[in-house]
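J.: To be precise about what I am sending: the file is called input_30.txt and holds compact mmCIF, C-alpha atoms and all ligand atoms.
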# COMPACT_ATOMS: atom_id res chain seq x y z
CA MET A 1 177.17 -43.48 91.52
CA ALA A 2 179.31 -40.80 89.92
CA ALA A 3 182.21 -41.74 92.21
CA ARG A 4 181.88 -45.41 91.25
CA LEU A 5 181.90 -44.58 87.54
CA LEU A 6 185.04 -42.52 88.12
CA GLY A 7 186.65 -45.43 89.98
CA ILE A 8 186.63 -43.62 93.32
CA ARG A 9 185.70 -45.25 96.62
CA ALA A 10 182.86 -43.33 98.23
CA VAL A 11 181.03 -42.94 101.51
CA ALA A 12 177.59 -41.35 101.72
CA TYR A 13 175.24 -40.22 104.48
CA GLU A 14 171.46 -40.18 104.02
CA PRO A 15 169.06 -40.41 106.98
CA HIS A 16 165.87 -40.66 104.90
CA PRO A 17 165.11 -44.41 104.90
CA PHE A 18 163.61 -44.52 101.42
CA PHE A 19 166.35 -42.40 99.81
CA ALA A 20 169.04 -44.47 101.58
CA THR A 21 167.56 -47.69 100.17
CA ILE A 22 167.29 -46.31 96.64
CA SER A 23 170.86 -45.00 96.92
CA GLU A 24 172.10 -48.43 98.01
CA ALA A 25 170.34 -50.06 95.02
CA LYS A 26 171.90 -47.61 92.57
CA ALA A 27 175.35 -47.12 94.05
CA ASN A 28 175.95 -50.81 94.75
CA SER A 29 173.77 -52.35 92.05
CA SER A 30 176.15 -55.25 91.36
CA ARG A 31 175.34 -56.62 94.85
CA TYR A 32 171.72 -57.11 93.82
CA TRP A 33 171.82 -57.56 90.05
CA ALA A 34 171.76 -61.37 90.16
CA SER A 35 168.35 -61.25 91.84
CA LEU A 36 166.81 -59.21 89.03
CA PRO A 37 165.18 -62.26 87.33
CA SER A 38 163.62 -63.37 90.65
CA ILE A 39 162.48 -59.81 91.35
CA HIS A 40 160.88 -59.61 87.90
CA ALA A 41 159.21 -63.00 88.31
CA ALA A 42 157.88 -62.26 91.81
CA ILE A 43 156.46 -58.88 90.77
CA GLY A 44 154.85 -60.50 87.70
CA ARG A 45 153.24 -63.24 89.83
CA GLY A 46 152.02 -60.70 92.39
CA ILE A 47 150.44 -58.51 89.73
CA LEU A 48 148.62 -61.50 88.23
CA ARG A 49 147.42 -62.69 91.62
CA ARG A 50 146.14 -59.21 92.46
CA ASN A 51 144.96 -60.27 95.87
CA ARG A 52 144.83 -57.12 97.86
CA ASP A 53 143.43 -58.75 101.00
CA THR A 54 146.94 -59.90 101.80
CA PHE A 55 147.84 -56.39 103.00
CA THR A 56 146.34 -54.01 105.49
CA LEU A 57 147.22 -50.39 105.07
CA SER A 58 146.71 -47.76 107.72
CA GLN A 59 143.66 -45.57 107.19
CA SER A 60 145.75 -42.55 106.17
CA ALA A 61 147.72 -44.65 103.71
CA GLU A 62 144.51 -46.11 102.28
CA VAL A 63 142.93 -42.68 101.75
CA PHE A 64 146.09 -41.15 100.28
CA LEU A 65 146.94 -44.02 97.91
CA ALA A 66 143.31 -44.31 96.76
CA LYS A 67 143.71 -40.81 95.27
CA MET A 68 146.68 -41.91 93.18
CA PHE A 69 145.93 -45.38 91.83
CA ARG A 70 143.03 -47.22 90.27
CA PRO A 71 141.80 -49.67 92.95
CA GLU A 72 142.66 -52.73 90.85
CA ASP A 73 146.17 -51.38 90.19
CA LEU A 74 146.80 -50.69 93.87
CA ALA A 75 145.64 -54.24 94.66
CA ALA A 76 148.07 -55.61 92.06
CA LEU A 77 150.97 -53.50 93.33
CA LEU A 78 150.39 -54.46 96.96
CA SER A 79 150.15 -58.06 95.91
CA ALA A 80 153.52 -57.65 94.14
CA ARG A 81 154.97 -56.29 97.38
CA ARG A 82 153.62 -59.33 99.24
CA GLU A 83 155.08 -61.69 96.64
CA LEU A 84 158.52 -60.04 97.03
CA GLU A 85 158.30 -60.52 100.80
CA GLU A 86 157.25 -64.15 100.49
CA ASN A 87 160.26 -64.77 98.30
CA GLY A 88 162.76 -63.18 100.65
CA LEU A 89 163.08 -60.08 98.47
CA GLY A 90 161.08 -57.66 100.63
CA GLU A 91 164.22 -55.89 101.87
CA ASN A 92 166.23 -56.18 98.67
CA PRO A 93 167.07 -52.57 97.66
CA LEU A 94 166.90 -53.36 93.94
CA ALA A 95 163.45 -54.94 94.38
CA ILE A 96 162.32 -51.82 96.26
CA LEU A 97 163.75 -49.60 93.52
CA VAL A 98 162.03 -51.61 90.75
CA LEU A 99 158.60 -51.73 92.38
CA SER A 100 158.82 -48.05 93.40
CA ARG A 101 159.54 -47.09 89.81
CA ILE A 102 156.56 -49.20 88.71
CA LEU A 103 154.45 -47.24 91.21
CA ASP A 104 155.58 -43.98 89.58
CA HIS A 105 154.34 -45.14 86.19
CA CYS A 106 151.03 -46.52 87.52
CA CYS A 107 150.25 -43.44 89.59
CA PHE A 108 147.87 -40.98 87.93
CA ALA A 109 148.66 -38.02 90.21
CA ALA A 110 150.99 -35.58 88.48
CA THR A 111 154.10 -34.52 90.30
CA ASP A 112 156.46 -31.56 90.55
CA GLY A 113 158.60 -33.41 93.06
CA ILE A 114 155.68 -33.83 95.42
CA TYR A 115 152.83 -36.04 94.20
CA LYS A 116 149.84 -33.75 93.91
CA ALA A 117 146.72 -35.73 94.61
CA PRO A 118 144.12 -35.50 93.32
CA THR A 119 144.04 -32.14 91.49
CA SER A 120 146.35 -32.77 88.55
CA THR A 121 146.55 -36.03 86.69
CA LYS A 122 148.79 -37.74 84.17
CA ARG A 123 148.38 -40.88 82.09
CA ALA A 124 148.93 -43.97 84.19
CA LEU A 125 150.37 -47.21 82.79
CA SER A 126 148.93 -50.57 83.78
CA PRO A 127 151.14 -52.52 86.24
CA GLN A 128 152.11 -54.94 83.43
CA GLU A 129 153.08 -52.12 81.06
CA ALA A 130 154.97 -50.36 83.85
CA THR A 131 156.88 -53.53 84.74
CA SER A 132 158.00 -54.04 81.14
CA LYS A 133 159.07 -50.42 80.88
CA VAL A 134 161.08 -50.46 84.13
CA LEU A 135 162.79 -53.75 83.29
CA ALA A 136 163.70 -52.49 79.81
CA THR A 137 165.23 -49.33 81.31
CA LEU A 138 167.23 -51.34 83.85
CA LEU A 139 168.59 -53.64 81.17
CA GLU A 140 169.54 -50.63 79.02
CA ASP A 141 171.47 -49.30 82.01
CA GLU A 142 173.09 -52.63 82.85
CA ARG A 143 176.61 -51.72 81.74
CA GLU A 144 176.63 -48.56 83.77
CA ALA A 145 174.97 -50.30 86.72
CA LEU A 146 177.74 -52.90 86.89
CA ALA A 147 180.70 -50.66 86.06
CA GLY A 148 183.32 -49.50 88.53
CA PRO A 149 184.50 -50.53 91.98
CA HIS A 150 181.35 -51.41 93.90
CA GLY A 151 181.54 -50.86 97.61
CA CYS A 152 180.15 -47.41 98.31
CA GLU A 153 179.35 -47.24 102.01
CA ILE A 154 175.90 -45.74 102.47
CA HIS A 155 175.19 -44.80 106.06
CA GLU A 156 171.51 -44.37 106.82
CA LYS A 157 172.07 -41.52 109.25
CA SER A 158 172.70 -37.80 109.52
CA SER A 159 176.02 -36.33 108.44
CA GLU A 160 175.96 -34.17 111.56
CA LEU A 161 177.99 -36.95 113.18
CA MET A 162 180.17 -39.03 110.85
CA THR A 163 181.80 -41.19 113.51
CA GLU A 164 182.63 -43.86 110.91
CA LEU A 165 185.18 -41.52 109.34
CA GLU A 166 188.57 -40.76 110.83
CA ASP A 167 190.04 -37.28 111.09
CA SER A 168 191.88 -36.12 107.93
CA SER A 169 190.95 -39.23 105.94
CA VAL A 170 188.80 -37.89 103.08
CA ASP A 171 190.05 -36.55 99.71
CA VAL A 172 186.95 -34.64 98.62
CA VAL A 173 183.45 -33.82 99.88
CA VAL A 174 180.56 -33.20 97.50
CA THR A 175 177.21 -32.25 98.96
CA SER A 176 173.86 -30.76 98.12
CA PRO A 177 172.14 -30.37 101.47
CA PRO A 178 168.49 -29.42 101.97
CA TYR A 179 167.81 -25.79 101.13
CA LEU A 180 166.25 -23.35 103.57
CA ASN A 181 163.19 -23.05 101.32
CA ASN A 182 160.55 -25.13 103.08
CA PHE A 183 160.77 -28.03 100.61
CA ASP A 184 159.71 -31.12 102.51
CA PHE A 185 161.63 -34.28 101.54
CA ALA A 186 159.38 -36.39 103.78
CA GLU A 187 156.22 -35.08 102.10
CA MET A 188 157.81 -35.66 98.69
CA THR A 189 158.09 -39.37 99.47
CA ARG A 190 154.72 -39.85 101.20
CA MET A 191 153.48 -42.22 98.50
CA TYR A 192 156.47 -44.55 98.95
CA LEU A 193 156.52 -44.29 102.75
CA TYR A 194 152.88 -45.38 102.88
CA PHE A 195 153.16 -48.04 100.21
CA TRP A 196 156.22 -49.67 101.81
CA GLY A 197 154.80 -49.37 105.33
CA LEU A 198 157.68 -47.15 106.45
CA ALA A 199 155.06 -44.87 108.01
CA GLY A 200 151.28 -45.10 108.42
CA SER A 201 150.29 -41.54 109.22
CA TRP A 202 151.44 -37.92 108.98
CA GLY A 203 152.63 -38.14 112.62
CA GLU A 204 154.70 -41.24 111.89
CA ILE A 205 156.24 -39.54 108.85
CA THR A 206 157.32 -36.73 111.18
CA ASP A 207 158.69 -39.07 113.85
CA ARG A 208 160.36 -41.61 111.58
CA VAL A 209 161.57 -39.44 108.72
CA ARG A 210 161.27 -35.66 109.13
CA SER A 211 162.85 -35.65 112.56
CA LEU A 212 166.00 -37.27 111.09
CA LEU A 213 166.59 -34.60 108.43
CA VAL A 214 168.13 -31.14 108.62
CA VAL A 215 165.32 -28.78 109.70
CA ASN A 216 164.23 -26.79 106.64
CA THR A 217 160.42 -26.90 106.76
CA THR A 218 157.79 -25.66 109.18
CA THR A 219 156.41 -29.23 109.21
CA ALA A 220 159.67 -30.40 110.84
CA LEU A 221 159.64 -28.12 113.87
CA LYS A 222 158.46 -30.68 116.41
CA GLY A 223 160.96 -30.56 119.29
CA HIS A 224 162.88 -27.63 117.78
CA LYS A 225 160.70 -24.70 118.81
CA GLU A 226 161.95 -25.04 122.38
CA ARG A 227 165.62 -25.14 121.38
CA GLN A 228 165.85 -21.88 119.42
CA ALA A 229 168.15 -20.19 121.97
CA ASP A 230 170.64 -23.09 121.94
CA TYR A 231 170.76 -23.18 118.15
CA ARG A 232 171.17 -19.40 118.02
CA SER A 233 174.00 -19.29 120.54
CA SER A 234 175.93 -21.98 118.62
CA LEU A 235 176.36 -19.62 115.64
CA PRO A 236 179.28 -17.22 115.01
CA LEU A 237 178.46 -13.67 116.09
CA GLU A 238 178.28 -12.15 112.59
CA VAL A 239 175.89 -14.83 111.33
CA ARG A 240 173.83 -14.56 114.50
CA VAL A 241 173.41 -10.80 114.04
CA ALA A 242 172.30 -11.21 110.40
CA ALA A 243 170.02 -14.15 111.26
CA ASP A 244 168.47 -12.19 114.16
CA LYS A 245 167.41 -9.47 111.74
CA ALA A 246 165.83 -12.00 109.33
CA VAL A 247 164.11 -13.85 112.19
CA ALA A 248 162.65 -10.62 113.60
CA GLU A 249 161.34 -9.66 110.16
CA LEU A 250 159.86 -13.14 109.58
CA SER A 251 158.18 -13.09 112.93
CA SER A 252 156.62 -9.68 112.34
CA ARG A 253 155.37 -10.76 108.86
CA LYS A 254 153.96 -13.94 110.39
CA ALA A 255 151.75 -11.78 112.60
CA GLU A 256 150.24 -10.12 109.49
CA LYS A 257 149.84 -13.25 107.35
CA ALA A 258 146.78 -15.47 107.40
CA GLY A 259 148.83 -18.68 107.17
CA LYS A 260 150.90 -17.84 110.30
CA LYS A 261 153.77 -20.02 109.11
CA ASP A 262 156.63 -20.40 111.59
CA TYR A 263 159.34 -19.56 109.06
CA ASP A 264 161.03 -17.52 111.78
CA LEU A 265 161.72 -20.76 113.68
CA LEU A 266 163.56 -22.45 110.79
CA VAL A 267 166.59 -20.18 110.57
CA TYR A 268 168.55 -20.98 113.75
CA PRO A 269 168.05 -24.80 113.67
CA TYR A 270 168.93 -24.94 109.97
CA LEU A 271 172.14 -22.93 110.34
CA SER A 272 173.17 -24.71 113.52
CA GLN A 273 172.62 -28.20 112.10
CA MET A 274 174.41 -27.26 108.88
CA GLN A 275 177.26 -25.91 111.01
CA ALA A 276 177.53 -29.36 112.65
CA VAL A 277 177.68 -31.01 109.20
CA LEU A 278 180.33 -28.53 108.01
CA ARG A 279 182.40 -29.15 111.18
CA GLU A 280 182.35 -32.88 110.45
CA CYS A 281 183.42 -32.19 106.86
CA VAL A 282 186.40 -30.06 107.88
CA ARG A 283 187.38 -32.63 110.52
CA THR A 284 187.35 -35.56 108.12
CA LEU A 285 188.95 -33.86 105.09
CA LYS A 286 192.68 -34.23 104.55
CA PRO A 287 194.64 -30.96 104.84
CA GLY A 288 194.14 -28.94 101.65
CA ALA A 289 191.39 -31.23 100.37
CA PRO A 290 188.45 -29.56 98.59
CA PHE A 291 184.82 -29.24 99.66
CA HIS A 292 182.05 -28.57 97.10
CA MET A 293 178.48 -27.68 98.00
CA MET A 294 175.38 -26.71 96.03
CA VAL A 295 172.88 -24.79 98.13
CA SER A 296 170.15 -22.25 97.55
CA ASP A 297 169.02 -19.02 99.15
CA ALA A 298 165.33 -18.44 99.81
CA ALA A 299 162.66 -15.82 100.28
CA LEU A 300 160.02 -16.80 102.80
CA TYR A 301 157.20 -14.28 103.35
CA GLY A 302 159.28 -12.07 101.06
CA VAL A 303 162.25 -11.98 103.48
CA HIS A 304 165.50 -12.82 101.73
CA LEU A 305 167.55 -15.53 103.49
CA PRO A 306 171.09 -15.62 102.03
CA ALA A 307 171.81 -19.14 103.31
CA PRO A 308 174.81 -19.78 100.97
CA GLN A 309 176.60 -16.65 102.20
CA TRP A 310 175.78 -17.47 105.83
CA LEU A 311 177.10 -21.01 105.38
CA ALA A 312 180.24 -19.71 103.63
CA PHE A 313 180.86 -17.42 106.60
CA ILE A 314 180.38 -20.33 109.01
CA MET A 315 182.88 -22.35 106.95
CA GLN A 316 185.55 -19.67 107.35
CA HIS A 317 184.77 -19.43 111.04
CA ILE A 318 185.24 -23.16 111.68
CA GLY A 319 188.52 -23.51 109.79
CA PHE A 320 187.91 -23.81 106.04
CA VAL A 321 190.20 -21.69 103.84
CA ASP A 322 189.86 -20.37 100.23
CA VAL A 323 186.09 -20.16 100.79
CA HIS A 324 184.06 -18.67 97.98
CA CYS A 325 180.48 -18.61 96.92
CA GLU A 326 179.06 -17.97 93.45
CA ILE A 327 175.62 -18.09 91.88
CA VAL A 328 175.14 -20.95 89.39
CA ARG A 329 171.49 -20.71 88.40
CA PRO A 330 169.82 -17.33 88.75
CA ARG A 331 166.17 -16.57 89.38
CA GLY A 332 163.84 -17.35 86.51
CA HIS A 333 165.56 -20.63 85.72
CA ARG A 334 163.43 -23.72 86.32
CA TRP A 335 165.39 -24.65 89.46
CA VAL A 336 164.05 -21.62 91.29
CA LEU A 337 160.84 -22.24 93.16
CA GLU A 338 158.69 -19.63 91.49
CA LYS A 339 155.82 -20.19 93.90
CA ARG A 340 157.77 -18.47 96.69
CA GLU A 341 157.20 -14.82 97.26
CA GLY A 342 160.15 -12.90 95.94
CA SER A 343 162.54 -10.42 97.45
CA ALA A 344 164.55 -7.55 96.00
CA LEU A 345 167.58 -9.82 95.63
CA GLY A 346 167.74 -12.50 92.98
CA LEU A 347 167.21 -16.04 94.15
CA GLY A 348 169.10 -19.00 92.84
CA GLU A 349 171.38 -21.95 93.45
CA TYR A 350 174.91 -21.29 94.63
CA TYR A 351 178.17 -23.18 94.50
CA VAL A 352 180.16 -22.90 97.73
CA PHE A 353 183.78 -23.99 97.75
CA GLY A 354 186.31 -24.35 100.54
CA ARG A 355 189.45 -26.27 101.54
CA ALA A 356 190.36 -27.90 104.80
CA CYS A 357 193.51 -26.32 106.20
C1 LIG B 401 168.77 -31.05 98.19
S1 LIG B 401 168.59 -32.77 98.46
C2 LIG B 401 169.87 -33.14 97.55
C3 LIG B 401 169.50 -34.06 96.53
C4 LIG B 401 170.65 -34.50 95.67
N1 LIG B 401 171.80 -33.67 95.87
C5 LIG B 401 170.17 -34.44 94.27
O1 LIG B 401 170.56 -33.50 93.57
O2 LIG B 401 169.35 -35.27 93.88
C6 LIG B 401 169.05 -32.98 100.13
C7 LIG B 401 169.24 -34.39 100.59
O3 LIG B 401 169.80 -34.33 101.91
C8 LIG B 401 169.22 -35.33 102.70
N2 LIG B 401 169.43 -34.97 104.12
C9 LIG B 401 168.60 -34.28 104.93
N3 LIG B 401 169.13 -34.16 106.16
C10 LIG B 401 170.32 -34.80 106.13
C11 LIG B 401 171.32 -35.03 107.12
N4 LIG B 401 171.19 -34.56 108.36
N5 LIG B 401 172.42 -35.74 106.75
C12 LIG B 401 172.56 -36.20 105.49
N6 LIG B 401 171.64 -36.00 104.51
C13 LIG B 401 170.53 -35.32 104.83
C14 LIG B 401 167.77 -35.34 102.25
O4 LIG B 401 167.09 -36.51 102.66
C15 LIG B 401 167.95 -35.22 100.74
O5 LIG B 401 168.16 -36.46 100.15
Output the file's structure as C-alpha cells, nothing else.
T.:
Amino acid sequence: MAARLLGIRAVAYEPHPFFATISEAKANSSRYWASLPSIHAAIGRGILRRNRDTFTLSQSAEVFLAKMFRPEDLAALLSARRELEENGLGENPLAILVLSRILDHCCFAATDGIYKAPTSTKRALSPQEATSKVLATLLEDEREALAGPHGCEIHEKSSELMTELEDSSVDVVVTSPPYLNNFDFAEMTRMYLYFWGLAGSWGEITDRVRSLLVVNTTTALKGHKERQADYRSSLPLEVRVAADKAVAELSSRKAEKAGKKDYDLLVYPYLSQMQAVLRECVRTLKPGAPFHMMVSDAALYGVHLPAPQWLAFIMQHIGFVDVHCEIVRPRGHRWVLEKREGSALGLGEYYVFGRAC
C-alpha cells in the first residue's frame, strides 16, 4: 500500500492465505471497489436472513467460534458469508476484508494480536452496527484506497523462492519477517481461518497455514524436527557456532522446565529459512540497491537469541555489503513481548540494512 501511495510498482510475497487475501484487497482496492455496493447489500441481506442452517462448521470451529460470538450474531455472520457466496462474491478479497472486519467488531473476545477466548472480553457491536461502522470507515478511506498505480503483484507463497523475479531486477526490498519469538501467525488468525472455512481443525491449520510460514514457533515444528542437521549445516560457520551454544543451552533448560518446549529446535530452521529468503533478496536486487529489514531478537527460557545480528552476519556471508544493524525500539517499549522471560541483554526490534553488490 505504501508503495502504491508513493507511485512505485510493487511485488509482495505472503504465504498465509488469509493475510494474502487481505493484502490483495488493500493493495489493489481499485480492482474491487465497484463491487462495494453489492458487497454491502449482500451482507445486509444475509444478516437479516440470519439462517445459520445454511452452513456447517467443523466441530473445532463450532466450539471455538461459540466462545467469541453470541449465537444469533454468529448465525447472522455465517448467513452473510453464504449470501456473498450466492452472489458470486465469496472469493472477492474486498468482501472478505469487509466481513472479517465486521467479525472483529462483533467478537466479544479481547485480543492482543491473538483472540483470547473466553477469559477476557470486550464490548461487541451487533452485526448491523458493525456493518455501518466498517462501511463508514471504508468510505472515509476511499481516496487513499483508489490513489496511485494499482497493480501490486501479491504472490501467495514463500519468499524463500521468488522465481517470478529476475536476477538484478529490483530497486529496493522492504521486509519485516517473522521474529524468532514463538509468535504464531496461524494461531493469531484462527478465528478467520475457521469462519472462512480455510481450516477446520488445529491439525488443518498446521498443514494448510503454519507449514507454509518461516518456522518461528514450537507449534510449527511438524516435519522440521528430523531436518535439524541439514538446516544447521546450511549456515555459515560463525553463525553455526553461536547457534550451537544457544541450542545447547535451550535444550538443557528444556530438561528442567515443566512445559518442555522445543525452543531448541526452532533456531536452525529459522536461520536456514531466513538465509534462503535473504539469498533470494540479494539475487533479485539490482547492484547497489538497498535492503531494509525490521526484525527482533528474543529470549526463550531466558536464553538470549540475537537473531538480527545472526541475520546480519548471514547477509555479509552471502554477498550483501554495507551491512549494519541497529536497535530501534528497546526493551520496555510496548513492542517488546513482556511475557517472555528476560535475559541480561536488552530485547527489542532492530533495523538491519544492506546493499546488493
Ligand atoms: C512480522 S510479520 C510482519 C508483519 C508486517 N510487517 C506488519 O508490520 O504488519 C511477518 C509476516 O511474514 C509472513 N511470512 C511468514 N513466512 C513467510 C515466508 N516464508 N515468506 C513470506 N512471508 C512470510 C507472515 O505470514 C506475516 O505476515
J.: If we count all atoms listed in the file, what is near A:Ala95 at a cut-off of 10 Å, once residues fewer than 5 positions away on the same chain are taken out, given as a compact mmCIF listing (two decimals) with C-alpha atoms, in the coordinates of the input?
T.:
# COMPACT_ATOMS: atom_id res chain seq x y z
CA ILE A 22 167.29 -46.31 96.64
CA ALA A 25 170.34 -50.06 95.02
CA TYR A 32 171.72 -57.11 93.82
CA TRP A 33 171.82 -57.56 90.05
CA SER A 35 168.35 -61.25 91.84
CA LEU A 36 166.81 -59.21 89.03
CA SER A 38 163.62 -63.37 90.65
CA ILE A 39 162.48 -59.81 91.35
CA HIS A 40 160.88 -59.61 87.90
CA ALA A 42 157.88 -62.26 91.81
CA ILE A 43 156.46 -58.88 90.77
CA ARG A 81 154.97 -56.29 97.38
CA LEU A 84 158.52 -60.04 97.03
CA GLU A 85 158.30 -60.52 100.80
CA LEU A 89 163.08 -60.08 98.47
CA GLY A 90 161.08 -57.66 100.63
CA SER A 100 158.82 -48.05 93.40
CA ARG A 101 159.54 -47.09 89.81
J.: Can you sort out the box for ligand LIG 401 (chain B), edges along x, y and z, all listed atoms in, 5 Å on every side, with centre and edge lengths in Å to one decimal, as lines of an AutoDock Vina configuration file?
T.:
center_x = 169.8
center_y = -33.8
center_z = 101.0
size_x = 15.5
size_y = 15.5
size_z = 24.8
J.: Once you count all atoms listed in the file, which residues end up within 10 Å of ligand LIG 401 (chain B), and could you hand them over as a PyMOL selection string?
T.: chain A and resi 12-20+23+155-162+174-180+183-186+189+209-216+270+273-274+276-277+293-296
J.: For A:Glu187, which residue out of A:Glu140, A:Thr131, A:Lys26, A:Phe64 is the nearest one, using only C-alpha atoms?
T.: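 Looking at the shortest contact to A:Glu187, the residue is A:Phe64.
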J.: Could you jot down the atom CA of A:Gly288 to atom CA of A:Leu305 separation for me, Å, one decimal place?
T.: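 Going from atom CA of A:Gly288 over to atom CA of A:Leu305, I get 29.8 Å.
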J.: Just the number, please: distance in Å from atom CA of A:Leu300 to atom CA of A:Arg190, one decimal.
T.: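 Interatomic distance here is 23.7 Å.
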J.: I'd like the interatomic distance between atom CA of A:Ala61 and atom CA of A:Trp202, to a tenth of an Å.
T.: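 Those two atoms sit 9.3 Å apart.
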J.: Using all atoms listed in the file, determine which residues lie at most 8 Å from stretch 217-232 of chain A, disregarding the query and same-chain residues fewer than 2 positions distant; provide the list as a list in words.
T.: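 The residues that qualify are Leu180, Asn181, Asn182, Phe183, Asp184, Thr206, Arg210, Ser211, Val215, Ser234, Leu235, Arg240, Lys261, Asp262, Tyr263, Leu265, Leu266, Tyr268, Pro269, Leu271 and Ser272 of chain A.
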J.: Given the point (156.1, -47.7, 101.7) in the coordinates of this file, which residues lie within 12 Å, counting all atoms listed in the file, and how would they look as a JSON list (two decimals) with C-alpha atoms, in the frame of the given file?
T.:
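Final output, out.json:
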[["chain", "number", "residue", "atom", "x", "y", "z"],
["A", 17, "PRO", "CA", 165.11, -44.41, 104.90],
["A", 18, "PHE", "CA", 163.61, -44.52, 101.42],
["A", 19, "PHE", "CA", 166.35, -42.40, 99.81],
["A", 21, "THR", "CA", 167.56, -47.69, 100.17],
["A", 57, "LEU", "CA", 147.22, -50.39, 105.07],
["A", 58, "SER", "CA", 146.71, -47.76, 107.72],
["A", 61, "ALA", "CA", 147.72, -44.65, 103.71],
["A", 62, "GLU", "CA", 144.51, -46.11, 102.28],
["A", 65, "LEU", "CA", 146.94, -44.02, 97.91],
["A", 77, "LEU", "CA", 150.97, -53.50, 93.33],
["A", 78, "LEU", "CA", 150.39, -54.46, 96.96],
["A", 81, "ARG", "CA", 154.97, -56.29, 97.38],
["A", 90, "GLY", "CA", 161.08, -57.66, 100.63],
["A", 91, "GLU", "CA", 164.22, -55.89, 101.87],
["A", 96, "ILE", "CA", 162.32, -51.82, 96.26],
["A", 97, "LEU", "CA", 163.75, -49.60, 93.52],
["A", 99, "LEU", "CA", 158.60, -51.73, 92.38],
["A", 100, "SER", "CA", 158.82, -48.05, 93.40],
["A", 103, "LEU", "CA", 154.45, -47.24, 91.21],
["A", 186, "ALA", "CA", 159.38, -36.39, 103.78],
["A", 189, "THR", "CA", 158.09, -39.37, 99.47],
["A", 190, "ARG", "CA", 154.72, -39.85, 101.20],
["A", 191, "MET", "CA", 153.48, -42.22, 98.50],
["A", 192, "TYR", "CA", 156.47, -44.55, 98.95],
["A", 193, "LEU", "CA", 156.52, -44.29, 102.75],
["A", 194, "TYR", "CA", 152.88, -45.38, 102.88],
["A", 195, "PHE", "CA", 153.16, -48.04, 100.21],
["A", 196, "TRP", "CA", 156.22, -49.67, 101.81],
["A", 197, "GLY", "CA", 154.80, -49.37, 105.33],
["A", 198, "LEU", "CA", 157.68, -47.15, 106.45],
["A", 199, "ALA", "CA", 155.06, -44.87, 108.01],
["A", 200, "GLY", "CA", 151.28, -45.10, 108.42],
["A", 201, "SER", "CA", 150.29, -41.54, 109.22],
["A", 205, "ILE", "CA", 156.24, -39.54, 108.85]]
J.: With distances taken over all atoms listed in the file, which of A:Ala299, A:Met1, A:Ala248, A:Ala242 is nearest to A:Glu153?
T.: A:Met1
J.: Using only C-alpha atoms, determine which residues lie at most 10 Å from stretch 313-315 of chain A, disregarding the query and same-chain residues fewer than 6 positions distant; provide the list as a VMD selection string.
T.: chain A and resid 235 to 239 271 to 272 274 to 275 278 to 279 281 to 282 307 321 to 325 352 to 356
J.: Of the residues A:Val247, A:Val11, A:Ile318, A:Leu48, which is the one nearest to A:Ser169, using all atoms listed in the file?
T.: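 Nearest to A:Ser169: A:Val11.
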J.: Do you know which residues are at most 8 Å from stretch 132-139 of chain A counting all atoms listed in the file, after dropping those on the same chain fewer than 2 positions away, and could you put them as a list in words?
T.: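 Using all atoms listed in the file, the neighbours found are His40, Val98, Arg101, Ile102, Gln128, Glu129, Ala130, Asp141 and Glu142 of chain A.
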